>>> print(open('data.cif').read())   # mmCIF, C-alpha atoms
data_work
loop_
_atom_site.label_atom_id
_atom_site.label_comp_id
_atom_site.auth_asym_id
_atom_site.auth_seq_id
_atom_site.Cartn_x
_atom_site.Cartn_y
_atom_site.Cartn_z
CA MET A 1 0.00 0.00 0.00
CA ARG A 2 2.81 2.35 0.99
CA PHE A 3 4.56 1.54 -2.29
CA PHE A 4 1.39 2.39 -4.24
CA PHE A 5 1.06 5.81 -2.54
CA SER A 6 4.74 6.57 -3.16
CA LEU A 7 4.33 5.74 -6.82
CA LEU A 8 1.22 7.96 -7.02
CA PHE A 9 3.07 10.84 -5.33
CA VAL A 10 5.99 10.60 -7.76
CA ALA A 11 3.62 10.48 -10.75
CA LEU A 12 1.66 13.53 -9.54
CA SER A 13 4.89 15.46 -8.89
CA LEU A 14 6.11 14.75 -12.41
CA MET A 15 2.80 15.91 -13.88
CA LEU A 16 2.93 19.14 -11.87
CA ILE A 17 6.53 19.83 -12.95
CA GLY A 18 5.50 19.31 -16.57
CA CYS A 19 2.65 21.81 -16.26
CA GLY A 20 4.92 24.48 -14.72
CA GLY A 21 7.50 24.13 -17.49
CA SER A 22 5.20 24.80 -20.42
CA LYS A 23 3.65 27.87 -18.73
CA SER A 24 6.96 29.69 -18.26
CA LEU A 25 8.01 28.88 -21.84
CA GLN A 26 4.84 30.51 -23.22
CA ALA A 27 5.41 33.61 -21.11
CA THR A 28 8.97 34.00 -22.43
CA ASP A 29 7.95 33.57 -26.04
CA THR A 30 5.29 36.25 -26.08
CA GLY A 31 6.08 38.71 -23.32
CA ASP A 32 9.47 40.12 -24.25
CA ILE A 33 9.08 41.30 -27.84
CA PRO A 34 8.80 45.09 -27.86
CA ASP A 35 5.87 46.67 -29.72
CA TRP A 36 8.12 48.79 -31.92
CA PHE A 37 9.77 45.61 -33.23
CA ASN A 38 6.49 44.25 -34.58
CA ASN A 39 5.19 47.64 -35.69
CA VAL A 40 8.15 49.41 -37.28
CA PRO A 41 7.48 53.18 -37.53
CA LYS A 42 6.70 54.67 -40.93
CA ASP A 43 7.78 58.19 -41.82
CA PRO A 44 8.47 59.57 -45.32
CA ASN A 45 11.46 61.50 -43.95
CA PHE A 46 13.17 58.50 -42.38
CA LEU A 47 14.21 54.96 -43.22
CA TYR A 48 13.73 52.44 -40.39
CA ALA A 49 15.01 48.94 -39.78
CA ALA A 50 14.29 46.73 -36.77
CA LYS A 51 16.42 43.64 -36.18
CA THR A 52 17.09 41.11 -33.45
CA ALA A 53 20.17 39.03 -32.69
CA THR A 54 21.43 36.65 -30.01
CA SER A 55 24.78 36.01 -28.43
CA GLN A 56 26.28 34.84 -25.16
CA ASP A 57 27.93 38.25 -25.02
CA LEU A 58 25.52 41.16 -24.48
CA GLN A 59 27.54 43.68 -26.52
CA LEU A 60 27.91 41.29 -29.41
CA ALA A 61 24.15 40.68 -29.48
CA LEU A 62 23.53 44.43 -29.64
CA ASP A 63 26.22 44.96 -32.28
CA LYS A 64 24.92 42.11 -34.44
CA GLY A 65 21.39 43.52 -34.31
CA ALA A 66 22.58 47.06 -35.09
CA THR A 67 24.75 45.84 -37.99
CA ASP A 68 21.87 43.87 -39.49
CA ALA A 69 19.62 46.91 -39.19
CA ARG A 70 22.22 49.18 -40.83
CA ALA A 71 22.72 46.66 -43.65
CA GLU A 72 18.95 46.67 -44.17
CA ILE A 73 18.96 50.49 -44.33
CA ALA A 74 21.87 50.37 -46.81
CA ARG A 75 19.74 48.11 -49.01
CA GLN A 76 16.81 50.53 -48.73
CA VAL A 77 19.09 53.41 -49.77
CA GLU A 78 20.30 51.34 -52.72
CA ILE A 79 16.72 50.74 -53.85
CA LYS A 80 15.96 54.45 -53.52
CA VAL A 81 19.00 55.41 -55.59
CA GLU A 82 18.15 52.78 -58.19
CA GLY A 83 14.73 54.40 -58.47
CA LEU A 84 16.39 57.76 -59.07
CA GLN A 85 18.67 56.18 -61.67
CA LYS A 86 15.69 54.76 -63.51
CA ARG A 87 13.92 58.12 -63.54
CA PHE A 88 17.11 59.79 -64.72
CA GLN A 89 17.45 57.34 -67.58
CA GLU A 90 13.85 57.87 -68.62
CA GLU A 91 14.24 61.64 -68.61
CA THR A 92 17.53 61.83 -70.48
CA GLY A 93 17.20 58.76 -72.67
CA THR A 94 20.59 57.39 -71.65
CA ASN A 95 19.51 53.77 -71.48
CA THR A 96 22.04 52.87 -74.12
CA ASP A 97 24.92 55.03 -72.91
CA ALA A 98 26.98 52.33 -71.24
CA GLN A 99 29.65 54.70 -69.94
CA LEU A 100 27.15 56.97 -68.19
CA LEU A 101 25.31 54.02 -66.73
CA GLU A 102 28.56 52.64 -65.37
CA GLN A 103 29.34 56.00 -63.74
CA PHE A 104 25.89 56.11 -62.23
CA THR A 105 26.17 52.61 -60.81
CA GLN A 106 29.54 53.53 -59.38
CA ALA A 107 28.05 56.57 -57.63
CA ASN A 108 25.27 54.40 -56.25
CA LYS A 109 27.70 51.80 -54.86
CA THR A 110 29.82 54.48 -53.22
CA VAL A 111 26.73 55.90 -51.57
CA VAL A 112 25.72 52.56 -50.15
CA SER A 113 29.12 51.74 -48.79
CA THR A 114 30.19 55.08 -47.40
CA THR A 115 27.36 57.38 -46.47
CA LEU A 116 25.48 55.84 -43.60
CA SER A 117 26.40 58.77 -41.41
CA GLY A 118 23.38 59.91 -39.50
CA SER A 119 22.00 56.47 -38.75
CA GLN A 120 21.04 56.24 -35.11
CA ILE A 121 19.77 53.61 -32.71
CA THR A 122 16.48 55.04 -31.48
CA LYS A 123 15.13 52.07 -29.56
CA GLN A 124 16.77 49.02 -28.04
CA LYS A 125 15.87 46.25 -25.67
CA GLN A 126 17.79 43.29 -24.32
CA VAL A 127 16.38 40.22 -22.64
CA LYS A 128 17.76 36.92 -21.39
CA ASP A 129 16.88 34.11 -23.79
CA GLY A 130 17.96 30.97 -21.96
CA SER A 131 21.72 31.21 -21.62
CA LEU A 132 21.91 33.82 -24.39
CA TRP A 133 21.25 37.53 -24.59
CA ARG A 134 18.70 38.63 -27.16
CA ALA A 135 18.89 42.23 -28.36
CA TYR A 136 16.19 44.09 -30.27
CA VAL A 137 17.37 47.19 -32.14
CA LEU A 138 15.57 49.89 -34.15
CA ILE A 139 17.72 52.11 -36.37
CA GLU A 140 16.61 55.36 -37.99
CA TYR A 141 18.24 57.07 -40.95
CA PRO A 142 17.11 60.44 -42.36
CA VAL A 143 16.25 60.30 -46.07
CA GLY A 144 17.57 63.84 -46.56
CA ALA A 145 21.04 62.71 -45.52
CA ALA A 146 20.97 59.91 -48.12
CA ASN A 147 19.91 62.36 -50.86
CA GLN A 148 22.61 64.80 -49.87
CA ALA A 149 25.29 62.13 -49.97
CA PHE A 150 24.11 60.91 -53.37
CA LEU A 151 24.08 64.43 -54.77
CA GLN A 152 27.65 64.99 -53.57
CA GLN A 153 28.76 61.81 -55.31
CA ILE A 154 27.07 62.91 -58.53
CA LYS A 155 28.68 66.36 -58.36
CA LYS A 156 32.12 64.75 -58.19
CA ASN A 157 31.63 63.36 -61.69
CA GLU A 158 31.49 66.28 -64.12
CA GLN A 159 30.10 64.38 -67.10
CA LEU A 160 27.36 62.78 -65.05
CA TYR A 161 26.56 66.02 -63.28
CA THR A 162 26.24 67.98 -66.55
CA ARG A 163 23.71 65.49 -67.90
CA PHE A 164 21.88 65.04 -64.65
CA ARG A 165 21.36 68.64 -63.49
CA ALA A 166 19.05 69.51 -66.39
CA THR A 167 16.48 66.92 -65.31
CA GLN A 168 13.38 67.25 -63.16
CA THR A 169 14.62 64.43 -60.89
CA PHE A 170 17.71 66.48 -60.08
CA LYS A 171 15.61 69.52 -59.20
CA GLU A 172 13.44 67.45 -56.89
CA LEU A 173 16.51 65.95 -55.26
CA GLU A 174 18.06 69.37 -54.78
CA ASP A 175 14.82 70.69 -53.26
CA GLU A 176 14.81 67.84 -50.74
CA VAL A 177 18.43 68.53 -49.82
CA LYS A 178 17.68 72.25 -49.51
CA LYS A 179 14.85 71.42 -47.11
CA LEU A 180 17.31 69.44 -44.99
CA ASP A 181 19.81 72.31 -45.01
CA ASP A 182 17.11 74.83 -44.06
CA ALA A 183 15.96 72.60 -41.22
CA LYS A 184 19.55 72.38 -39.96
CA LYS A 185 19.97 76.17 -40.14
CA ALA A 186 16.70 76.72 -38.30
CA GLN A 187 17.95 74.68 -35.30
CA MET B 1 19.38 15.55 35.72
CA GLN B 2 22.40 15.56 33.46
CA ARG B 3 20.14 15.00 30.42
CA LYS B 4 17.90 17.94 31.39
CA HIS B 5 20.96 20.15 31.80
CA ASN B 6 22.18 19.16 28.30
CA ASN B 7 18.80 20.00 26.80
CA VAL B 8 18.89 23.50 28.34
CA ILE B 9 22.39 24.06 26.98
CA MET B 10 21.24 22.94 23.53
CA LEU B 11 18.26 25.32 23.68
CA VAL B 12 20.46 28.26 24.68
CA ASP B 13 22.97 27.38 21.93
CA CYS B 14 20.21 27.16 19.38
CA PHE B 15 18.79 30.52 20.50
CA CYS B 16 22.21 32.17 20.29
CA ALA B 17 22.81 30.70 16.87
CA ARG B 18 19.47 32.08 15.69
CA ILE B 19 20.28 35.53 17.01
CA ILE B 20 23.70 35.48 15.32
CA CYS B 21 22.14 34.35 12.04
CA THR B 22 19.50 37.09 12.25
CA VAL B 23 22.15 39.73 12.95
CA ILE B 24 24.25 38.49 10.00
CA VAL B 25 21.22 38.56 7.69
CA LEU B 26 20.26 42.07 8.85
CA LEU B 27 23.83 43.30 8.40
CA GLY B 28 23.97 41.76 4.94
CA LEU B 29 20.68 43.43 4.07
CA ALA B 30 21.92 46.80 5.30
CA VAL B 31 25.13 46.43 3.30
CA SER B 32 23.27 45.42 0.14
CA LEU B 33 20.86 48.34 0.57
CA GLN B 34 23.78 50.73 0.90
CA ALA B 35 25.35 49.28 -2.25
CA GLN B 36 22.18 50.06 -4.13
CA GLN B 37 22.35 53.75 -3.26
CA TYR B 38 23.99 56.22 -5.60
CA PRO B 39 24.34 60.00 -5.34
CA ASP B 40 22.00 61.82 -7.71
CA TRP B 41 24.90 63.82 -9.20
CA PHE B 42 26.43 60.53 -10.37
CA LEU B 43 23.25 59.08 -11.90
CA ASN B 44 22.10 62.44 -13.31
CA PRO B 45 25.20 64.61 -13.92
CA THR B 46 23.12 67.24 -15.72
CA LEU B 47 21.68 68.23 -12.32
CA ILE B 48 24.99 70.00 -11.69
CA HIS B 49 24.66 73.09 -13.82
CA CYS B 50 28.37 73.40 -14.46
CA THR B 51 29.87 72.83 -17.87
CA ASN B 52 33.19 71.45 -16.66
CA SER B 53 32.11 69.24 -13.78
CA VAL B 54 33.62 65.75 -13.58
CA THR B 55 32.34 62.68 -11.76
CA GLY B 56 34.86 59.99 -10.96
CA ILE B 57 34.56 56.56 -9.41
CA ALA B 58 36.95 54.00 -7.94
CA GLU B 59 36.68 50.68 -6.12
CA LYS B 60 36.65 51.07 -2.36
CA SER B 61 39.75 50.03 -0.44
CA PHE B 62 41.42 50.50 2.95
CA LEU B 63 43.56 53.35 1.63
CA SER B 64 40.82 55.95 1.45
CA ASP B 65 43.00 58.88 0.31
CA SER B 66 44.47 56.86 -2.55
CA VAL B 67 41.01 55.75 -3.60
CA VAL B 68 39.78 59.34 -3.79
CA ASN B 69 42.82 60.29 -5.87
CA TYR B 70 42.25 57.30 -8.09
CA ALA B 71 38.59 58.28 -8.54
CA ILE B 72 39.68 61.81 -9.53
CA CYS B 73 42.14 60.36 -12.08
CA ASN B 74 39.44 58.08 -13.50
CA GLY B 75 37.00 60.96 -13.80
CA LEU B 76 39.50 63.22 -15.56
CA ARG B 77 40.56 60.42 -17.91
CA GLN B 78 36.95 59.75 -18.90
CA GLN B 79 36.34 63.46 -19.39
CA ASN B 80 39.40 63.84 -21.62
CA ILE B 81 38.16 61.06 -23.88
CA ASN B 82 34.72 62.63 -23.94
CA LYS B 83 36.16 66.04 -24.85
CA CYS B 84 37.82 64.73 -27.97
CA ALA B 85 38.56 61.21 -29.13
CA GLU B 86 39.45 59.56 -32.37
CA ILE B 87 37.54 56.33 -32.69
CA GLN B 88 38.54 53.52 -34.99
CA ALA B 89 36.46 50.37 -35.20
CA GLU B 90 36.28 47.45 -37.57
CA THR B 91 33.95 44.50 -37.28
CA SER B 92 33.21 41.65 -39.62
CA TYR B 93 30.37 39.14 -39.46
CA TRP B 94 29.74 35.92 -41.30
CA GLY B 95 26.07 35.08 -41.60
CA THR B 96 24.90 31.52 -42.21
CA GLU B 97 21.61 29.69 -41.92
CA ALA B 98 22.68 28.50 -38.48
CA GLY B 99 23.35 32.00 -37.20
CA LYS B 100 25.63 34.96 -37.38
CA TYR B 101 29.24 34.75 -36.28
CA CYS B 102 31.70 37.49 -35.52
CA LEU B 103 34.88 37.04 -37.54
CA TRP B 104 36.82 39.87 -35.93
CA ARG B 105 36.27 42.96 -33.84
CA LYS B 106 38.58 45.88 -33.33
CA TYR B 107 37.88 49.00 -31.31
CA GLU B 108 40.33 51.76 -30.44
CA GLU B 109 39.88 55.10 -28.73
CA THR B 110 42.63 57.69 -28.88
CA PRO B 111 42.09 60.71 -26.63
CA GLY B 112 42.67 64.12 -28.17
CA TYR B 113 45.58 65.19 -25.97
CA THR B 114 46.00 68.58 -27.63
CA ILE B 115 42.47 69.54 -26.65
CA MET B 116 43.13 68.29 -23.12
CA ASN B 117 46.13 70.57 -22.71
CA THR B 118 44.59 73.69 -24.11
CA GLN B 119 41.29 73.39 -22.26
CA ASP B 120 42.67 72.75 -18.81
CA HIS B 121 40.55 74.03 -15.95
CA GLN B 122 41.08 74.67 -12.29
CA ARG B 123 38.86 72.24 -10.44
CA TYR B 124 38.39 71.25 -6.86
CA THR B 125 36.77 68.30 -5.15
CA LYS B 126 33.29 69.37 -4.15
CA LYS B 127 31.71 66.14 -2.98
CA ILE B 128 32.79 62.64 -2.00
CA TYR B 129 30.39 59.80 -1.35
CA LYS B 130 31.12 56.19 -0.47
CA ASN B 131 28.76 53.28 -0.79
CA GLU B 132 29.61 49.65 -0.08
CA ASN B 133 31.56 49.10 -3.32
CA LEU B 134 32.54 52.45 -4.73
CA VAL B 135 33.89 55.89 -3.95
CA PHE B 136 32.28 58.72 -5.93
CA VAL B 137 33.96 62.06 -6.43
CA LEU B 138 32.51 65.25 -7.89
CA LEU B 139 34.94 67.83 -9.23
CA VAL B 140 33.72 71.25 -10.24
CA ASP B 141 35.19 74.35 -11.80
CA THR B 142 36.35 77.04 -9.40
CA VAL B 143 33.94 79.49 -10.98
CA CYS B 144 31.03 77.12 -10.64
CA ASN B 145 28.64 77.60 -7.76
CA VAL B 146 27.34 74.27 -6.45
CA SER B 147 25.57 74.12 -3.11
CA GLY B 148 27.44 71.99 -0.62
CA SER B 149 24.29 70.56 0.94
CA ASP B 150 23.84 66.86 1.67
CA ASP B 151 23.71 64.53 -1.29
CA GLN B 152 20.39 63.25 -2.38
CA LEU B 153 20.79 59.49 -2.58
CA ILE B 154 18.91 57.44 -5.10
CA ASN B 155 18.02 53.90 -4.20
CA ILE B 156 17.88 52.07 -7.52
CA THR B 157 15.63 49.31 -6.18
CA SER B 158 12.90 51.72 -5.19
CA MET B 159 12.77 53.53 -8.53
CA SER B 160 11.37 52.44 -11.85
CA THR B 161 13.66 52.08 -14.87
CA PRO B 162 14.09 55.39 -16.71
CA GLN B 163 12.45 55.67 -20.11
CA TRP B 164 15.70 56.47 -21.93
CA VAL B 165 16.97 52.93 -21.30
CA GLU B 166 14.73 51.60 -24.08
CA HIS B 167 13.56 54.73 -25.90
CA ILE B 168 16.67 56.71 -26.69
CA PRO B 169 16.08 60.50 -26.82
CA GLU B 170 16.13 62.19 -30.22
CA SER B 171 17.08 65.74 -31.05
CA SER B 172 17.91 67.72 -34.15
CA ALA B 173 20.96 69.22 -32.46
CA TYR B 174 22.46 66.18 -30.70
CA TRP B 175 23.24 62.52 -31.26
CA TYR B 176 22.19 60.38 -28.30
CA ALA B 177 23.44 56.89 -27.50
CA VAL B 178 22.92 54.40 -24.69
CA GLY B 179 25.74 52.05 -23.74
CA ILE B 180 25.07 48.86 -21.81
CA ALA B 181 27.41 46.63 -19.84
CA PRO B 182 26.85 43.49 -17.77
CA LYS B 183 27.92 43.14 -14.16
CA TYR B 184 31.62 42.42 -13.75
CA TYR B 185 33.57 41.57 -10.61
CA TYR B 186 34.66 45.20 -10.33
CA GLU B 187 31.68 47.52 -10.58
CA THR B 188 33.84 50.31 -12.03
CA SER B 189 34.56 48.09 -15.06
CA SER B 190 30.83 47.86 -15.75
CA TRP B 191 30.32 51.64 -15.52
CA PHE B 192 33.37 52.38 -17.72
CA GLN B 193 32.33 49.84 -20.31
CA ALA B 194 28.79 51.19 -20.48
CA GLU B 195 30.23 54.65 -21.16
CA GLN B 196 32.63 53.31 -23.78
CA GLU B 197 29.84 51.44 -25.56
CA ALA B 198 27.78 54.63 -25.71
CA ARG B 199 30.78 56.49 -27.18
CA LYS B 200 31.10 53.75 -29.77
CA TYR B 201 27.46 54.13 -30.81
CA LEU B 202 27.88 57.91 -31.05
CA ALA B 203 30.84 57.36 -33.39
CA PHE B 204 28.72 54.90 -35.43
CA SER B 205 26.01 57.56 -35.72
CA LYS B 206 28.48 60.16 -36.91
CA GLY B 207 29.98 58.12 -39.70
CA ILE B 208 29.92 54.46 -40.53
CA SER B 209 30.90 52.53 -43.59
CA ILE B 210 29.10 49.29 -44.17
CA ARG B 211 29.76 46.68 -46.81
CA ASP B 212 27.21 43.94 -47.08
CA LEU B 213 27.71 40.99 -49.39
CA THR B 214 24.90 38.47 -49.53
CA LYS B 215 25.42 35.37 -51.64
CA VAL B 216 22.22 34.27 -53.31
CA SER B 217 22.78 30.56 -53.10
CA ARG B 218 21.37 27.54 -51.31
CA SER B 219 23.41 28.27 -48.23
CA GLY B 220 22.29 31.93 -48.07
CA GLU B 221 25.60 33.10 -46.68
CA SER B 222 26.42 36.71 -46.09
CA LYS B 223 29.40 38.76 -45.06
CA GLN B 224 29.20 42.16 -43.47
CA VAL B 225 32.07 44.53 -42.75
CA LEU B 226 31.69 47.65 -40.65
CA GLU B 227 34.34 50.34 -40.54
CA VAL B 228 34.42 53.52 -38.50
CA GLU B 229 37.09 56.17 -38.30
CA VAL B 230 35.75 59.40 -36.86
CA GLU B 231 36.56 62.06 -34.34
CA VAL B 232 33.92 62.74 -31.72
CA LYS B 233 34.01 65.89 -29.63
CA ASN B 234 32.24 67.43 -26.66
CA ILE B 235 30.47 64.31 -25.45
CA GLU B 236 28.36 64.81 -22.35
CA VAL B 237 27.22 62.19 -19.86
CA ILE B 238 23.51 62.80 -19.47
CA ALA B 239 22.45 59.95 -17.20
CA ARG B 240 23.47 56.62 -15.72
CA TRP B 241 21.36 53.75 -14.47
CA ARG B 242 21.84 50.32 -12.96
CA SER B 243 19.08 47.80 -13.42
CA ARG B 244 18.68 45.41 -10.49
CA GLU B 245 16.27 43.32 -12.54
CA ASN B 246 18.92 41.96 -14.93
CA ASP B 247 22.03 43.52 -13.35
CA LEU B 248 22.91 45.70 -16.30
CA PHE B 249 24.64 49.07 -16.26
CA TYR B 250 23.43 51.84 -18.59
CA CYS B 251 24.97 55.14 -19.64
CA LEU B 252 23.31 57.83 -21.77
CA LEU B 253 25.66 60.12 -23.70
CA ARG B 254 25.15 62.84 -26.25
CA CYS B 255 27.32 64.88 -28.61
CA PRO B 256 26.48 67.80 -30.90
CA LYS B 257 25.69 66.91 -34.52
CA GLN B 258 27.60 69.86 -35.95
#
>>> encode(input="data.cif", output="structure tokens")
Amino acid sequence: MRFFFSLLFVALSLMLIGCGGSKSLQATDTGDIPDWFNNVPKDPNFLYAAKTATSQDLQLALDKGATDARAEIARQVEIKVEGLQKRFQEETGTNTDAQLLEQFTQANKTVVSTTLSGSQITKQKQVKDGSLWRAYVLIEYPVGAANQAFLQQIKKNEQLYTRFRATQTFKELEDEVKKLDDAKKAQ
Amino acid sequence: MQRKHNNVIMLVDCFCARIICTVIVLLGLAVSLQAQQYPDWFLNPTLIHCTNSVTGIAEKSFLSDSVVNYAICNGLRQQNINKCAEIQAETSYWGTEAGKYCLWRKYEETPGYTIMNTQDHQRYTKKIYKNENLVFVLLVDTVCNVSGSDDQLINITSMSTPQWVEHIPESSAYWYAVGIAPKYYYETSSWFQAEQEARKYLAFSKGISIRDLTKVSRSGESKQVLEVEVEVKNIEVIARWRSRENDLFYCLLRCPKQ
């Protein structure tokens, strides 16, 4: 009889332990994700990227997340510049001018790899994920800064600049950059 | 009779042991509570309305004078780096389906010594506070008028986490960055690292070069290289915080955009 009760006690204990385990796992999965990670802000004046990364080292987790987010922003800038390139080609009819296209692509690549100055971590959160640290990072990059950097790259190339400045796309780009400059002066 | 006498002795012993244990626990509690208290001018340096004030910290030791001097040195060293520093960083990551791995990391800070020499100020020690682990020193400019009243102590366990820890302030005139460090054996190491991490993020905001190569293949590998080489100037420590929840140390810095 005593053996039976012991067996029952052990079985009940195991069942209770099992119940406790699944509850805490659910809480960890849903409770720690920040709202801004699921709902990334949208603003026509800024590019945003939210990323998460894990590591045993807290700093490395944060750095990995921030790097991923900056790489994502670099890709967004590239897409934006490609859009400008397309509009430029349509306006000037340079689809077949291989030399100009090459120069344009070169300017685009330089922009993507060198001009992410102004990108800033605006939100971050770090939580323990088992034995690892999980970092959530939101990076913001002003569109005006990207336009300004692209314009500077274009101006460096005389041939490209001469063809480009007569277009409507160029005027729009310059207006956007002027807005950024005015905003800076007003501060 | 002898047995009864033994029982009484055992009871007295047990009572004494309980009292000793209670005293030890209470002492431990008092010590831990003291360790959780920080002067407000350390956690919120902007409360001191002096442009050239310096807060320094050092690990507590038996040689109290040396510790104060060491705290002053630490504070001045941190301030010199914040005044002007050239920051060089290079990091490379290899991304695979299984995760992202760091290939190498390099980070160097070179203080701008020329600025340090030309902008030297006459300062004096205004306040000293000691908690269980650290000695805090506040240095202010001779022209600065700070009231010498008692320090307001902030108990980090009784206060909620500041908003800036997650939502970093934004301004059109300043870059803001929050640095985070885990708890190390020496608490000073955690505070210094948190400040250094914030400086690193300020440098990243000022100018960063990123090269991202993603191979479109079955393995989906990627390689990312980050490079930074900028000079940051006039960094200010805005706030510090220690989270008891996950034992992390936070530091909020800012530097002018122009």
>>> resolve_selection(input="data.cif", expression="the PyMOL selection byres ((chain B and resi 141) around 9)", output="list in words")
Cys50, Thr51, Asn52, Ser53, Val54, His121, Gln122, Arg123, Tyr124, Leu139, Val140, Thr142, Val143, Cys144 and Asn145 of chain B
>>> resolve_selection(input="data.cif", expression="the PyMOL selection byres ((chain B and resi 167) around 10)", output="PyMOL selection string")
(chain A and resi 121-125+138) or (chain B and resi 162-166+168-170+178)
>>> write_last_selection(input="data.cif", atoms="C-alpha atoms", output="mmCIF file, in the coordinates of the input")
data_model
loop_
_atom_site.group_PDB
_atom_site.id
_atom_site.type_symbol
_atom_site.label_atom_id
_atom_site.label_comp_id
_atom_site.auth_asym_id
_atom_site.auth_seq_id
_atom_site.Cartn_x
_atom_site.Cartn_y
_atom_site.Cartn_z
ATOM 1 C CA ILE A 121 19.770 53.610 -32.710
ATOM 2 C CA THR A 122 16.480 55.040 -31.480
ATOM 3 C CA LYS A 123 15.130 52.070 -29.560
ATOM 4 C CA GLN A 124 16.770 49.020 -28.040
ATOM 5 C CA LYS A 125 15.870 46.250 -25.670
ATOM 6 C CA LEU A 138 15.570 49.890 -34.150
ATOM 7 C CA PRO B 162 14.090 55.390 -16.710
ATOM 8 C CA GLN B 163 12.450 55.670 -20.110
ATOM 9 C CA TRP B 164 15.700 56.470 -21.930
ATOM 10 C CA VAL B 165 16.970 52.930 -21.300
ATOM 11 C CA GLU B 166 14.730 51.600 -24.080
ATOM 12 C CA ILE B 168 16.670 56.710 -26.690
ATOM 13 C CA PRO B 169 16.080 60.500 -26.820
ATOM 14 C CA GLU B 170 16.130 62.190 -30.220
ATOM 15 C CA VAL B 178 22.920 54.400 -24.690
#
>>> residues_around(input="data.cif", residues="Tyr186 in chain B", least_positions_apart="4", cutoff="9 Å", atoms="all atoms listed in the file", output="count of residues only")
3
>>> closest_residue(input="data.cif", among="A:Ile33, A:Leu58, A:Ile79, A:Ala166", to="chain B", atoms="only C-alpha atoms")
A:Leu58
>>> resolve_selection(input="data.cif", expression="the PyMOL selection byres ((chain B and resi 40) around 9)", output="NGL selection string")
:B and (38-39 or 41-45 or 47 or 151-154)
>>> closest_residue(input="data.cif", among="A:Val77, A:Leu116, A:Leu62, A:Ala50", to="chain B", atoms="all atoms listed in the file")
A:Leu116
>>> residues_near_point(input="data.cif", point="(26.1, 59.9, -25.7)", cutoff="7 Å", atoms="all atoms listed in the file", output="list in words")
Trp175, Tyr176, Ala177, Val178, Ala198, Arg199, Leu202, Ile235, Glu236, Val237, Leu252, Leu253, Arg254 and Cys255 of chain B
>>> atom_distance(input="data.cif", atom1="CA of Glu90 in chain B", atom2="CA of Val143 in chain A")
25.3 Å
>>> residues_near_point(input="data.cif", point="(38.0, 61.9, -14.2)", cutoff="10 Å", atoms="only C-alpha atoms", output="list in words")
Ser53, Val54, Thr55, Gly56, Ile57, Asn69, Tyr70, Ala71, Ile72, Cys73, Asn74, Gly75, Leu76, Arg77, Gln78, Gln79, Asn80, Ile81, Val137, Leu138 and Leu139 of chain B
>>> closest_residue(input="data.cif", among="B:Thr188, B:Gln196, B:Gln224, B:Asn234", to="chain A", atoms="all atoms listed in the file")
B:Gln224
>>> atom_distance(input="data.cif", atom1="CA of Val81 in chain A", atom2="CA of Ala149 in chain A")
10.8 Å
>>> closest_residue(input="data.cif", among="B:Arg211, B:Lys127, B:Arg240, B:Lys223", to="chain A", atoms="all atoms listed in the file")
B:Arg211
>>> atom_distance(input="data.cif", atom1="CA of Ala135 in chain A", atom2="CA of Asp32 in chain A")
10.5 Å
>>> axis_aligned_box(input="data.cif", around="range 62-68 of chain B", padding_each_side="3 Å", output="lines of an AutoDock Vina configuration file")
center_x = 42.1
center_y = 54.9
center_z = -0.4
size_x = 10.7
size_y = 14.8
size_z = 12.7
>>> closest_residue(input="data.cif", among="B:Lys233, B:Lys106, B:Arg242, B:Lys60", to="Cys84 in chain B", atoms="all atoms listed in the file")
B:Lys233
